[in-house]
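Colleague: Input run.cif, format and content: mmCIF, C-alpha atoms.
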```
data_model
loop_
_atom_site.group_PDB
_atom_site.id
_atom_site.type_symbol
_atom_site.label_atom_id
_atom_site.label_comp_id
_atom_site.auth_asym_id
_atom_site.auth_seq_id
_atom_site.Cartn_x
_atom_site.Cartn_y
_atom_site.Cartn_z
ATOM 1 C CA MET A 1 29.623 -20.324 18.349
ATOM 2 C CA TYR A 2 28.264 -18.777 21.473
ATOM 3 C CA SER A 3 31.577 -19.335 23.291
ATOM 4 C CA LEU A 4 33.549 -17.825 20.352
ATOM 5 C CA ARG A 5 31.399 -14.706 20.473
ATOM 6 C CA MET A 6 31.871 -14.499 24.220
ATOM 7 C CA GLU A 7 35.664 -14.820 23.938
ATOM 8 C CA SER A 8 35.744 -12.123 21.241
ATOM 9 C CA CYS A 9 33.748 -9.734 23.411
ATOM 10 C CA LEU A 10 35.953 -10.403 26.427
ATOM 11 C CA LEU A 11 39.109 -9.903 24.353
ATOM 12 C CA LEU A 12 37.755 -6.641 22.915
ATOM 13 C CA GLY A 13 36.727 -5.442 26.394
ATOM 14 C CA ALA A 14 40.171 -6.223 27.805
ATOM 15 C CA ALA A 15 41.848 -4.329 24.953
ATOM 16 C CA LEU A 16 39.627 -1.295 25.508
ATOM 17 C CA LEU A 17 40.256 -1.373 29.251
ATOM 18 C CA ALA A 18 44.012 -1.556 28.705
ATOM 19 C CA GLY A 19 43.871 1.367 26.265
ATOM 20 C CA CYS A 20 41.925 3.527 28.703
ATOM 21 C CA SER A 21 44.196 2.755 31.630
ATOM 22 C CA ASP A 22 47.386 3.783 29.788
ATOM 23 C CA ARG A 23 47.905 7.256 31.305
ATOM 24 C CA ASN A 24 51.124 8.040 29.414
ATOM 25 C CA THR A 25 49.487 8.331 26.016
ATOM 26 C CA PRO A 26 48.420 11.952 25.378
ATOM 27 C CA THR A 27 44.837 12.335 24.253
ATOM 28 C CA ALA A 28 45.053 16.108 23.648
ATOM 29 C CA PRO A 29 47.812 18.543 22.775
ATOM 30 C CA PRO A 30 49.750 19.845 25.798
ATOM 31 C CA PRO A 31 48.591 23.214 27.145
ATOM 32 C CA ARG A 32 50.487 26.311 26.015
ATOM 33 C CA PRO A 33 52.306 28.224 28.730
ATOM 34 C CA LEU A 34 50.513 31.363 29.874
ATOM 35 C CA ALA A 35 52.093 34.742 29.296
ATOM 36 C CA ALA A 36 53.992 35.999 32.322
ATOM 37 C CA THR A 37 51.909 38.477 34.289
ATOM 38 C CA THR A 38 54.161 38.937 37.281
ATOM 39 C CA ALA A 39 54.777 42.507 38.300
ATOM 40 C CA VAL A 40 58.251 44.016 38.142
ATOM 41 C CA ASP A 41 59.718 47.285 39.370
ATOM 42 C CA ARG A 42 58.790 50.039 36.914
ATOM 43 C CA PRO A 43 60.243 53.481 36.372
ATOM 44 C CA TYR A 44 57.952 56.466 36.829
ATOM 45 C CA ALA A 45 58.141 60.164 36.020
ATOM 46 C CA TRP A 46 56.600 62.978 38.029
ATOM 47 C CA SER A 47 56.109 66.717 37.628
ATOM 48 C CA LEU A 48 54.867 69.431 39.960
ATOM 49 C CA GLU A 49 53.553 72.666 38.419
ATOM 50 C CA CYS A 50 53.024 75.573 40.801
ATOM 51 C CA SER A 51 51.033 78.781 40.528
ATOM 52 C CA GLY A 52 49.629 81.339 42.921
ATOM 53 C CA ASP A 53 50.651 84.484 44.722
ATOM 54 C CA TRP A 54 54.214 85.451 45.459
ATOM 55 C CA PRO A 55 55.808 84.776 48.029
ATOM 56 C CA GLY A 56 53.726 81.650 48.606
ATOM 57 C CA SER A 57 55.018 78.151 47.955
ATOM 58 C CA SER A 58 53.433 74.769 47.256
ATOM 59 C CA TYR A 59 54.278 71.320 48.533
ATOM 60 C CA ALA A 60 53.458 67.756 47.438
ATOM 61 C CA ASN A 61 54.275 64.327 48.845
ATOM 62 C CA TRP A 62 53.474 60.873 47.494
ATOM 63 C CA SER A 63 54.202 57.195 48.031
ATOM 64 C CA TRP A 64 53.446 53.778 46.570
ATOM 65 C CA THR A 65 51.348 51.486 48.749
ATOM 66 C CA ASP A 66 50.723 47.744 49.078
ATOM 67 C CA ALA A 67 47.380 45.944 49.252
ATOM 68 C CA SER A 68 46.978 46.891 52.934
ATOM 69 C CA GLY A 69 47.550 50.587 52.172
ATOM 70 C CA ALA A 70 50.954 50.678 53.877
ATOM 71 C CA SER A 71 53.645 52.761 52.232
ATOM 72 C CA ILE A 72 56.352 50.743 50.444
ATOM 73 C CA GLY A 73 59.524 51.881 48.761
ATOM 74 C CA THR A 74 60.804 55.403 49.188
ATOM 75 C CA ALA A 75 58.284 58.185 49.847
ATOM 76 C CA SER A 76 58.883 61.312 47.776
ATOM 77 C CA SER A 77 58.162 65.012 48.117
ATOM 78 C CA SER A 78 58.804 68.290 46.362
ATOM 79 C CA GLY A 79 58.048 71.959 46.773
ATOM 80 C CA CYS A 80 58.041 74.889 44.372
ATOM 81 C CA LEU A 81 57.304 78.578 44.028
ATOM 82 C CA PRO A 82 54.641 80.135 41.781
ATOM 83 C CA GLY A 83 55.668 79.894 38.123
ATOM 84 C CA GLN A 84 57.968 76.914 38.650
ATOM 85 C CA THR A 85 57.583 73.406 37.266
ATOM 86 C CA LEU A 86 59.782 70.717 38.755
ATOM 87 C CA SER A 87 60.139 67.148 37.505
ATOM 88 C CA GLY A 88 61.955 63.956 38.329
ATOM 89 C CA SER A 89 61.801 60.192 38.218
ATOM 90 C CA GLY A 90 61.839 57.191 40.498
ATOM 91 C CA VAL A 91 61.028 53.500 40.753
ATOM 92 C CA ARG A 92 57.566 52.051 41.397
ATOM 93 C CA PRO A 93 58.039 48.878 43.507
ATOM 94 C CA ALA A 94 56.773 45.628 41.962
ATOM 95 C CA ALA A 95 54.572 44.978 45.009
ATOM 96 C CA ALA A 96 52.799 48.349 44.693
ATOM 97 C CA THR A 97 49.058 48.059 44.167
ATOM 98 C CA GLY A 98 48.200 51.605 45.195
ATOM 99 C CA PHE A 99 49.344 55.212 45.283
ATOM 100 C CA SER A 100 48.831 57.916 47.891
ATOM 101 C CA ALA A 101 49.461 61.639 47.387
ATOM 102 C CA CYS A 102 48.875 65.021 48.963
ATOM 103 C CA VAL A 103 49.212 68.466 47.370
ATOM 104 C CA ASN A 104 49.087 71.590 49.539
ATOM 105 C CA TRP A 105 47.373 69.606 52.335
ATOM 106 C CA ASP A 106 44.093 69.856 50.347
ATOM 107 C CA ASN A 107 41.744 67.086 51.671
ATOM 108 C CA CYS A 108 44.626 64.647 52.107
ATOM 109 C CA PRO A 109 45.486 61.893 51.535
ATOM 110 C CA HIS A 110 44.159 60.988 48.079
ATOM 111 C CA THR A 111 44.528 57.306 47.133
ATOM 112 C CA TRP A 112 44.362 55.199 43.966
ATOM 113 C CA SER A 113 44.396 51.419 43.349
ATOM 114 C CA PHE A 114 45.746 49.749 40.217
ATOM 115 C CA ASP A 115 46.909 46.451 38.691
ATOM 116 C CA PRO A 116 50.638 46.120 39.497
ATOM 117 C CA ALA A 117 51.307 44.465 36.120
ATOM 118 C CA GLY A 118 49.912 47.451 34.185
ATOM 119 C CA PRO A 119 50.620 51.157 33.714
ATOM 120 C CA PHE A 120 49.484 53.847 36.138
ATOM 121 C CA LYS A 121 48.800 57.582 35.728
ATOM 122 C CA ALA A 122 47.523 60.074 38.259
ATOM 123 C CA GLN A 123 46.981 63.823 38.435
ATOM 124 C CA LEU A 124 46.219 65.695 41.634
ATOM 125 C CA LYS A 125 45.616 69.426 42.025
ATOM 126 C CA GLY A 126 45.640 71.066 45.435
ATOM 127 C CA THR A 127 44.996 74.632 46.551
ATOM 128 C CA SER A 128 46.001 75.950 49.928
ATOM 129 C CA PRO A 129 43.690 78.222 51.872
ATOM 130 C CA LYS A 130 44.474 81.936 51.804
ATOM 131 C CA THR A 131 47.119 82.864 54.323
ATOM 132 C CA TRP A 132 48.560 86.188 55.422
ATOM 133 C CA GLU A 133 52.252 86.348 54.509
ATOM 134 C CA CYS A 134 54.889 89.062 54.547
ATOM 135 C CA TYR A 135 57.965 89.355 52.377
ATOM 136 C CA PRO A 136 60.627 89.783 53.524
ATOM 137 C CA SER A 137 59.612 87.889 56.616
ATOM 138 C CA PHE A 138 60.713 88.453 60.218
ATOM 139 C CA GLY A 139 58.164 91.262 60.691
ATOM 140 C CA SER A 140 59.959 93.865 58.602
ATOM 141 C CA ARG A 141 57.955 97.067 58.312
ATOM 142 C CA LYS A 142 59.498 97.670 54.895
ATOM 143 C CA GLY A 143 58.222 94.327 53.550
ATOM 144 C CA HIS A 144 55.097 93.576 51.575
ATOM 145 C CA CYS A 145 52.229 91.749 53.279
ATOM 146 C CA GLY A 146 49.044 90.310 51.844
ATOM 147 C CA TRP A 147 46.736 87.353 51.424
ATOM 148 C CA VAL A 148 48.259 84.595 49.290
ATOM 149 C CA THR A 149 46.904 81.396 47.777
ATOM 150 C CA GLU A 150 49.014 78.624 46.259
ATOM 151 C CA THR A 151 47.939 75.968 43.751
ATOM 152 C CA ALA A 152 49.963 73.030 42.466
ATOM 153 C CA THR A 153 49.346 70.064 40.169
ATOM 154 C CA LEU A 154 51.178 66.772 40.624
ATOM 155 C CA ASN A 155 51.378 64.411 37.612
ATOM 156 C CA VAL A 156 52.691 60.835 37.941
ATOM 157 C CA ASP A 157 53.144 58.453 35.002
ATOM 158 C CA SER A 158 54.419 54.896 35.382
#
```
Here is a file; write its structure as structure tokens.

Modeller:
Amino acid sequence: MYSLRMESCLLLGAALLAGCSDRNTPTAPPPRPLAATTAVDRPYAWSLECSGDWPGSSYANWSWTDASGASIGTASSSGCLPGQTLSGSGVRPAAATGFSACVNWDNCPHTWSFDPAGPFKAQLKGTSPKTWECYPSFGSRKGHCGWVTETATLNVDS
């Protein structure tokens, strides 16, 4: 009887060992694929709203940057006169992880970081220091001269 019990235990042990070593039999449901989170080129819209004293003008430039802070894609710029609002659009490169902008050379550059797979919005306002300007220019004695200050606000939405 002792030998029968021993054979039964050995047979059961061998069956369990064979069942555990079979790697093709799934023991859990297969994992679900993760949602794609890769970044793609995205469109963006921009606007530049200018105010200040006539005949002054405002200027803005901006670019998308990579993780090292280097500019990628096409840098953009725009200028306008007081009372004007200009707008346009472009493409934010898929590899962009940052944004750099300057408005009226006011403490420039300003930088932002963001997740390339998500949306991005930025607003930057810049005011130039007062400057002495004449209109019409070229030193005309019949022109108007005075201190002018320009302010502009750049909005970017991607």

Colleague: The PyMOL selection byres ((chain A and resi 104-112) around 12) on the file shown: which residues, as an NGL selection string?

Modeller: :A and (48 or 50-52 or 56-67 or 69-71 or 77-80 or 96-103 or 113-116 or 120-130 or 149-154 or 156)

Colleague: Using C-alpha atoms, can you export the residues from the last selection as a PDB file, keeping the file's coordinate frame?

Modeller:
```pdb
ATOM      1  CA  LEU A  48      54.867  69.431  39.960  1.00  0.00           C
ATOM      2  CA  CYS A  50      53.024  75.573  40.801  1.00  0.00           C
ATOM      3  CA  SER A  51      51.033  78.781  40.528  1.00  0.00           C
ATOM      4  CA  GLY A  52      49.629  81.339  42.921  1.00  0.00           C
ATOM      5  CA  GLY A  56      53.726  81.650  48.606  1.00  0.00           C
ATOM      6  CA  SER A  57      55.018  78.151  47.955  1.00  0.00           C
ATOM      7  CA  SER A  58      53.433  74.769  47.256  1.00  0.00           C
ATOM      8  CA  TYR A  59      54.278  71.320  48.533  1.00  0.00           C
ATOM      9  CA  ALA A  60      53.458  67.756  47.438  1.00  0.00           C
ATOM     10  CA  ASN A  61      54.275  64.327  48.845  1.00  0.00           C
ATOM     11  CA  TRP A  62      53.474  60.873  47.494  1.00  0.00           C
ATOM     12  CA  SER A  63      54.202  57.195  48.031  1.00  0.00           C
ATOM     13  CA  TRP A  64      53.446  53.778  46.570  1.00  0.00           C
ATOM     14  CA  THR A  65      51.348  51.486  48.749  1.00  0.00           C
ATOM     15  CA  ASP A  66      50.723  47.744  49.078  1.00  0.00           C
ATOM     16  CA  ALA A  67      47.380  45.944  49.252  1.00  0.00           C
ATOM     17  CA  GLY A  69      47.550  50.587  52.172  1.00  0.00           C
ATOM     18  CA  ALA A  70      50.954  50.678  53.877  1.00  0.00           C
ATOM     19  CA  SER A  71      53.645  52.761  52.232  1.00  0.00           C
ATOM     20  CA  SER A  77      58.162  65.012  48.117  1.00  0.00           C
ATOM     21  CA  SER A  78      58.804  68.290  46.362  1.00  0.00           C
ATOM     22  CA  GLY A  79      58.048  71.959  46.773  1.00  0.00           C
ATOM     23  CA  CYS A  80      58.041  74.889  44.372  1.00  0.00           C
ATOM     24  CA  ALA A  96      52.799  48.349  44.693  1.00  0.00           C
ATOM     25  CA  THR A  97      49.058  48.059  44.167  1.00  0.00           C
ATOM     26  CA  GLY A  98      48.200  51.605  45.195  1.00  0.00           C
ATOM     27  CA  PHE A  99      49.344  55.212  45.283  1.00  0.00           C
ATOM     28  CA  SER A 100      48.831  57.916  47.891  1.00  0.00           C
ATOM     29  CA  ALA A 101      49.461  61.639  47.387  1.00  0.00           C
ATOM     30  CA  CYS A 102      48.875  65.021  48.963  1.00  0.00           C
ATOM     31  CA  VAL A 103      49.212  68.466  47.370  1.00  0.00           C
ATOM     32  CA  SER A 113      44.396  51.419  43.349  1.00  0.00           C
ATOM     33  CA  PHE A 114      45.746  49.749  40.217  1.00  0.00           C
ATOM     34  CA  ASP A 115      46.909  46.451  38.691  1.00  0.00           C
ATOM     35  CA  PRO A 116      50.638  46.120  39.497  1.00  0.00           C
ATOM     36  CA  PHE A 120      49.484  53.847  36.138  1.00  0.00           C
ATOM     37  CA  LYS A 121      48.800  57.582  35.728  1.00  0.00           C
ATOM     38  CA  ALA A 122      47.523  60.074  38.259  1.00  0.00           C
ATOM     39  CA  GLN A 123      46.981  63.823  38.435  1.00  0.00           C
ATOM     40  CA  LEU A 124      46.219  65.695  41.634  1.00  0.00           C
ATOM     41  CA  LYS A 125      45.616  69.426  42.025  1.00  0.00           C
ATOM     42  CA  GLY A 126      45.640  71.066  45.435  1.00  0.00           C
ATOM     43  CA  THR A 127      44.996  74.632  46.551  1.00  0.00           C
ATOM     44  CA  SER A 128      46.001  75.950  49.928  1.00  0.00           C
ATOM     45  CA  PRO A 129      43.690  78.222  51.872  1.00  0.00           C
ATOM     46  CA  LYS A 130      44.474  81.936  51.804  1.00  0.00           C
ATOM     47  CA  THR A 149      46.904  81.396  47.777  1.00  0.00           C
ATOM     48  CA  GLU A 150      49.014  78.624  46.259  1.00  0.00           C
ATOM     49  CA  THR A 151      47.939  75.968  43.751  1.00  0.00           C
ATOM     50  CA  ALA A 152      49.963  73.030  42.466  1.00  0.00           C
ATOM     51  CA  THR A 153      49.346  70.064  40.169  1.00  0.00           C
ATOM     52  CA  LEU A 154      51.178  66.772  40.624  1.00  0.00           C
ATOM     53  CA  VAL A 156      52.691  60.835  37.941  1.00  0.00           C
TER      54      VAL A 156
END
```

Colleague: A:Asn155, A:Ser68, A:Gln84, A:Ser89: which is nearest A:Pro43, counting all atoms listed in the file?

Modeller: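 Result for the nearest residue to A:Pro43: A:Ser89.
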
Colleague: For the structure shown, which residues end up in the PyMOL selection byres ((chain A and resi 131) around 6)? Put them as a list of chain:residue names, please?

Modeller: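 So the PyMOL selection byres ((chain A and resi 131) around 6), applied here, picks out A:Lys130, A:Trp132, A:Trp147, A:Val148.
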
Colleague: Identify, on the basis of only C-alpha atoms, every residue whose closest approach to A:Arg92 does not exceed 8 Å; exclude the query and any residue fewer than 5 positions from it along the same chain; express the result as a VMD selection string.

Modeller: chain A and resid 41 to 44 64 73 158

Colleague: What is the distance, in Å and to one decimal place, between atom CA of A:Thr85 and atom CA of A:His144?

Modeller: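 Taking atom CA of A:Thr85 and atom CA of A:His144, their separation equals 24.9 Å.
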
Colleague: Nearest to A:Gly90 among A:Glu133, A:Ala45, A:Ala117, A:Pro55, with distances taken over all atoms listed in the file: which residue is it?

Modeller: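 Comparing A:Glu133, A:Ala45, A:Ala117, A:Pro55 against A:Gly90, the winner is A:Ala45.
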
Colleague: Which of these residues is nearest to A:Thr74, using all atoms listed in the file: A:Trp46, A:Val91, A:Pro119, A:Trp54?

Modeller: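 Result for the nearest residue to A:Thr74: A:Val91.
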
Colleague: What is the atom CA of A:Cys134-atom CA of A:Leu81 distance in Å, reported with one decimal?

Modeller: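 Between atom CA of A:Cys134 and atom CA of A:Leu81 the gap is 15.0 Å.
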
Colleague: Have a look at A:Leu86, A:Ser76, A:Val40, A:Glu49 and name the one nearest to A:Gly118; count all atoms listed in the file.

Modeller: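 Looking at the shortest contact to A:Gly118, the residue is A:Val40.
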
Colleague: How would stretch 90-107 of chain A look with N, CA and C atoms restored, written as a PDB file, keeping the file's coordinate frame?

Modeller:
```
ATOM      1  N   GLY A  90      61.612  58.120  39.408  1.00  0.00           N
ATOM      2  CA  GLY A  90      61.839  57.191  40.498  1.00  0.00           C
ATOM      3  C   GLY A  90      61.477  55.792  40.055  1.00  0.00           C
ATOM      4  N   VAL A  91      61.353  54.895  41.036  1.00  0.00           N
ATOM      5  CA  VAL A  91      61.028  53.500  40.753  1.00  0.00           C
ATOM      6  C   VAL A  91      59.761  53.129  41.514  1.00  0.00           C
ATOM      7  N   ARG A  92      58.784  52.581  40.789  1.00  0.00           N
ATOM      8  CA  ARG A  92      57.566  52.051  41.397  1.00  0.00           C
ATOM      9  C   ARG A  92      57.840  50.600  41.783  1.00  0.00           C
ATOM     10  N   PRO A  93      57.754  50.254  43.084  1.00  0.00           N
ATOM     11  CA  PRO A  93      58.039  48.878  43.507  1.00  0.00           C
ATOM     12  C   PRO A  93      57.078  47.869  42.866  1.00  0.00           C
ATOM     13  N   ALA A  94      57.578  46.677  42.595  1.00  0.00           N
ATOM     14  CA  ALA A  94      56.773  45.628  41.962  1.00  0.00           C
ATOM     15  C   ALA A  94      55.561  45.269  42.807  1.00  0.00           C
ATOM     16  N   ALA A  95      55.672  45.357  44.117  1.00  0.00           N
ATOM     17  CA  ALA A  95      54.572  44.978  45.009  1.00  0.00           C
ATOM     18  C   ALA A  95      53.529  46.080  45.172  1.00  0.00           C
ATOM     19  N   ALA A  96      53.739  47.228  44.544  1.00  0.00           N
ATOM     20  CA  ALA A  96      52.799  48.349  44.693  1.00  0.00           C
ATOM     21  C   ALA A  96      51.483  48.039  43.992  1.00  0.00           C
ATOM     22  N   THR A  97      50.395  48.200  44.729  1.00  0.00           N
ATOM     23  CA  THR A  97      49.058  48.059  44.167  1.00  0.00           C
ATOM     24  C   THR A  97      48.246  49.329  44.362  1.00  0.00           C
ATOM     25  N   GLY A  98      48.890  50.355  44.942  1.00  0.00           N
ATOM     26  CA  GLY A  98      48.200  51.605  45.195  1.00  0.00           C
ATOM     27  C   GLY A  98      49.162  52.774  45.240  1.00  0.00           C
ATOM     28  N   PHE A  99      48.580  53.968  45.287  1.00  0.00           N
ATOM     29  CA  PHE A  99      49.344  55.212  45.283  1.00  0.00           C
ATOM     30  C   PHE A  99      48.624  56.181  46.206  1.00  0.00           C
ATOM     31  N   SER A 100      49.392  56.936  46.968  1.00  0.00           N
ATOM     32  CA  SER A 100      48.831  57.916  47.891  1.00  0.00           C
ATOM     33  C   SER A 100      49.570  59.235  47.682  1.00  0.00           C
ATOM     34  N   ALA A 101      48.827  60.341  47.619  1.00  0.00           N
ATOM     35  CA  ALA A 101      49.461  61.639  47.387  1.00  0.00           C
ATOM     36  C   ALA A 101      48.708  62.748  48.114  1.00  0.00           C
ATOM     37  N   CYS A 102      49.439  63.827  48.344  1.00  0.00           N
ATOM     38  CA  CYS A 102      48.875  65.021  48.963  1.00  0.00           C
ATOM     39  C   CYS A 102      49.521  66.245  48.321  1.00  0.00           C
ATOM     40  N   VAL A 103      48.704  67.217  47.939  1.00  0.00           N
ATOM     41  CA  VAL A 103      49.212  68.466  47.370  1.00  0.00           C
ATOM     42  C   VAL A 103      48.619  69.619  48.162  1.00  0.00           C
ATOM     43  N   ASN A 104      49.487  70.420  48.747  1.00  0.00           N
ATOM     44  CA  ASN A 104      49.087  71.590  49.539  1.00  0.00           C
ATOM     45  C   ASN A 104      48.102  71.249  50.657  1.00  0.00           C
ATOM     46  N   TRP A 105      48.199  70.052  51.208  1.00  0.00           N
ATOM     47  CA  TRP A 105      47.373  69.606  52.335  1.00  0.00           C
ATOM     48  C   TRP A 105      45.884  69.800  52.051  1.00  0.00           C
ATOM     49  N   ASP A 106      45.473  69.652  50.776  1.00  0.00           N
ATOM     50  CA  ASP A 106      44.093  69.856  50.347  1.00  0.00           C
ATOM     51  C   ASP A 106      43.329  68.533  50.401  1.00  0.00           C
ATOM     52  N   ASN A 107      42.539  68.311  51.477  1.00  0.00           N
ATOM     53  CA  ASN A 107      41.744  67.086  51.671  1.00  0.00           C
ATOM     54  C   ASN A 107      42.582  65.819  51.546  1.00  0.00           C
TER      55      ASN A 107
END
```
